[in-house]
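Taking it in order: structure first as structure tokens, then the write-up.
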Amino acid sequence: MFKFLSKVENLLIFIPIMVLYVFYAVSPDGYMGMVLDGEYVNISIFELGITLLLLLLIPYIFHYTLRLQIKKATVVAKIHVYVSLAIIVGNGIIYYNTPLISYRWQNEILPPPIYDTWRYSLHLSYALWQLFFIVQIAFVVYAILKMRKTPPKESAGNNSSLAS
């Protein structure tokens with residue numbers, strides 16, 4: 001059991017659950033406000049957690065498959081896990097520290113300075129989510145290429161050490 005839990009790729013499943021549980025516990029109503037397509041919407045932290053787990057399940061399966069095929073990809077796999085978890089925790093910290101605003105402030109001539117802080121946080125979060133998706137896609141492509149790559153087979157008639 002300890003051998004299974006000591007694998008780095010298991011962090012892709014356990015850490016997002018723990019981070020989202022903590023943010024769900026400290027949020028006043030279990031929702032976080034976001035602007036999507038110009039509209040202010042509330043997103044359930046629980047639904048975000050389920051979506052995040054489903055998104056991370058695909059790279060997790062590739063980690064597991066690479067490990068079973070013994071394809072020496074441990075450095076890339078560890079980098080993928082740590083970068084993914086840093087992005088998840090970074091987004092959680094951004095959302096936790098984002099100030100509450102009134103979305104009507106965008107229509108004012110001089111919105112309060114906290115509105116600019118909120119917009120900066122929102123843009124930073126969007127950039128981190130885009131980086132998150134790029135990292136996941138890059139790892140999946142890397143894993144597919146690594147699994148399809150076959151080592152060259154040695155033929156018995158082509159042994160150069162016996163020819164000399």
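Following the order of the structure tokens, chains are lettered A, B, ..., residues in each are numbered from 1, and ligands are numbered from 1.
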
Next item on the list: Tell me which protein, DNA and RNA residues are within 12 Å of A:Val75, counting only C-alpha atoms, leaving out same-chain ones fewer than 6 positions away, and put them as an MDAnalysis selection string.
Entry: chainID A and resid 8:9 63 67 81:82 139

Note to self: So that I can see what lies close to A:Gly92, please list as a ChimeraX atom specification the residues with an atom at most 9 Å from it, counting only C-alpha atoms and leaving out residues fewer than 5 positions away in the same chain.
What the structure shows: /A:19-20,23,87,97

Expected file contents, prior selection, N, CA and C atoms, as a PDB file, in the first residue's frame:
```
ATOM      1  N   VAL A  19      -6.784  20.660  -1.604  1.00  0.00           N
ATOM      2  CA  VAL A  19      -6.793  22.113  -1.807  1.00  0.00           C
ATOM      3  C   VAL A  19      -8.227  22.618  -1.955  1.00  0.00           C
ATOM      4  N   LEU A  20      -9.018  21.927  -2.762  1.00  0.00           N
ATOM      5  CA  LEU A  20     -10.402  22.360  -2.951  1.00  0.00           C
ATOM      6  C   LEU A  20     -11.227  22.182  -1.685  1.00  0.00           C
ATOM      7  N   PHE A  23     -10.366  25.251   0.444  1.00  0.00           N
ATOM      8  CA  PHE A  23     -11.006  26.462  -0.062  1.00  0.00           C
ATOM      9  C   PHE A  23     -12.521  26.407   0.084  1.00  0.00           C
ATOM     10  N   ILE A  87       0.474  25.282 -10.073  1.00  0.00           N
ATOM     11  CA  ILE A  87      -0.534  26.107 -10.732  1.00  0.00           C
ATOM     12  C   ILE A  87      -1.866  26.011  -9.996  1.00  0.00           C
ATOM     13  N   ASN A  97      -7.447  35.338  -2.250  1.00  0.00           N
ATOM     14  CA  ASN A  97      -7.037  36.710  -1.932  1.00  0.00           C
ATOM     15  C   ASN A  97      -7.657  37.767  -2.838  1.00  0.00           C
TER      16      ASN A  97
END
```

Next item on the list: Name the residues of stretch 10-151 of chain A that fall into strand (DSSP E) according to DSSP on the backbone, using the chain letters and numbers of this document, as a count of residues only.
Entry: 12

Margin query: What's around A:Tyr142 at 10 Å? Count only C-alpha atoms, leave out sequence neighbours fewer than 4 positions away in its own chain, and write the answer as an MDAnalysis selection string.
Written below: chainID A and resid 62 73 76:77 136:138 146:148

Restrict the selected residues to N, CA and C atoms and save them as an mmCIF file, in the first residue's frame.
```cif
data_model
loop_
_atom_site.group_PDB
_atom_site.id
_atom_site.type_symbol
_atom_site.label_atom_id
_atom_site.label_comp_id
_atom_site.auth_asym_id
_atom_site.auth_seq_id
_atom_site.Cartn_x
_atom_site.Cartn_y
_atom_site.Cartn_z
ATOM 1 N N PHE A 62 -1.943 8.464 -18.103
ATOM 2 C CA PHE A 62 -0.702 8.397 -18.873
ATOM 3 C C PHE A 62 0.505 8.192 -17.964
ATOM 4 N N ALA A 73 10.675 7.915 -17.835
ATOM 5 C CA ALA A 73 10.206 9.292 -17.992
ATOM 6 C C ALA A 73 9.980 9.921 -16.623
ATOM 7 N N VAL A 76 10.519 13.970 -16.355
ATOM 8 C CA VAL A 76 9.442 14.725 -16.998
ATOM 9 C C VAL A 76 8.144 14.542 -16.214
ATOM 10 N N ALA A 77 7.894 13.336 -15.727
ATOM 11 C CA ALA A 77 6.671 13.076 -14.964
ATOM 12 C C ALA A 77 6.660 13.881 -13.661
ATOM 13 N N GLN A 136 -0.878 20.359 -19.365
ATOM 14 C CA GLN A 136 -1.543 19.059 -19.456
ATOM 15 C C GLN A 136 -1.482 18.516 -20.881
ATOM 16 N N ILE A 137 -1.750 19.363 -21.855
ATOM 17 C CA ILE A 137 -1.716 18.922 -23.250
ATOM 18 C C ILE A 137 -0.299 18.525 -23.653
ATOM 19 N N ALA A 138 0.677 19.299 -23.223
ATOM 20 C CA ALA A 138 2.073 18.987 -23.555
ATOM 21 C C ALA A 138 2.481 17.647 -22.960
ATOM 22 N N LYS A 146 6.129 9.064 -26.322
ATOM 23 C CA LYS A 146 7.024 8.168 -25.590
ATOM 24 C C LYS A 146 6.526 6.729 -25.670
ATOM 25 N N MET A 147 5.206 6.539 -25.617
ATOM 26 C CA MET A 147 4.666 5.183 -25.682
ATOM 27 C C MET A 147 4.758 4.610 -27.095
ATOM 28 N N ARG A 148 4.668 5.451 -28.101
ATOM 29 C CA ARG A 148 4.725 4.971 -29.482
ATOM 30 C C ARG A 148 6.154 4.714 -29.945
#
```

Checklist line | A:Ile94 environment, 9 Å, only C-alpha atoms, sequence neighbours closer than 2 positions dropped, as a PyMOL selection string | finding: chain A and resi 89-92+96-98+121-122+124-125

Dump as a compact mmCIF listing (two decimals), in the first residue's frame, selection limited to C-alpha atoms:
```txt
# COMPACT_ATOMS: atom_id res chain seq x y z
CA VAL A 89 -2.30 25.99 -5.50
CA GLY A 90 -1.40 29.35 -7.10
CA ASN A 91 -4.89 29.70 -8.55
CA GLY A 92 -6.41 28.80 -5.22
CA TYR A 96 -8.78 33.31 -1.97
CA ASN A 97 -7.04 36.71 -1.93
CA THR A 98 -9.11 38.32 -4.68
CA SER A 121 -6.02 39.05 -10.11
CA LEU A 122 -8.56 37.83 -12.62
CA LEU A 124 -3.39 36.50 -13.63
CA SER A 125 -5.72 33.62 -12.84
```

Next item on the list: Please provide the set of residues having any atom within 8 Å of A:Ile13, restricted to only C-alpha atoms, with same-chain residues fewer than 2 positions apart removed, written as a list of chain:residue names.
Entry: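 Selected residues are A:Glu9, A:Asn10, A:Leu11, A:Ile15, A:Pro16, A:Ile17, A:Leu53, A:Leu56, A:Leu57, A:Tyr60.
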
Next item on the list: One decimal, Å: what's the distance from atom CA of A:Lys7 over to atom CA of A:Ile50, could you say?
Entry: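 Value for the atom CA of A:Lys7-atom CA of A:Ile50 distance: 22.0 Å.
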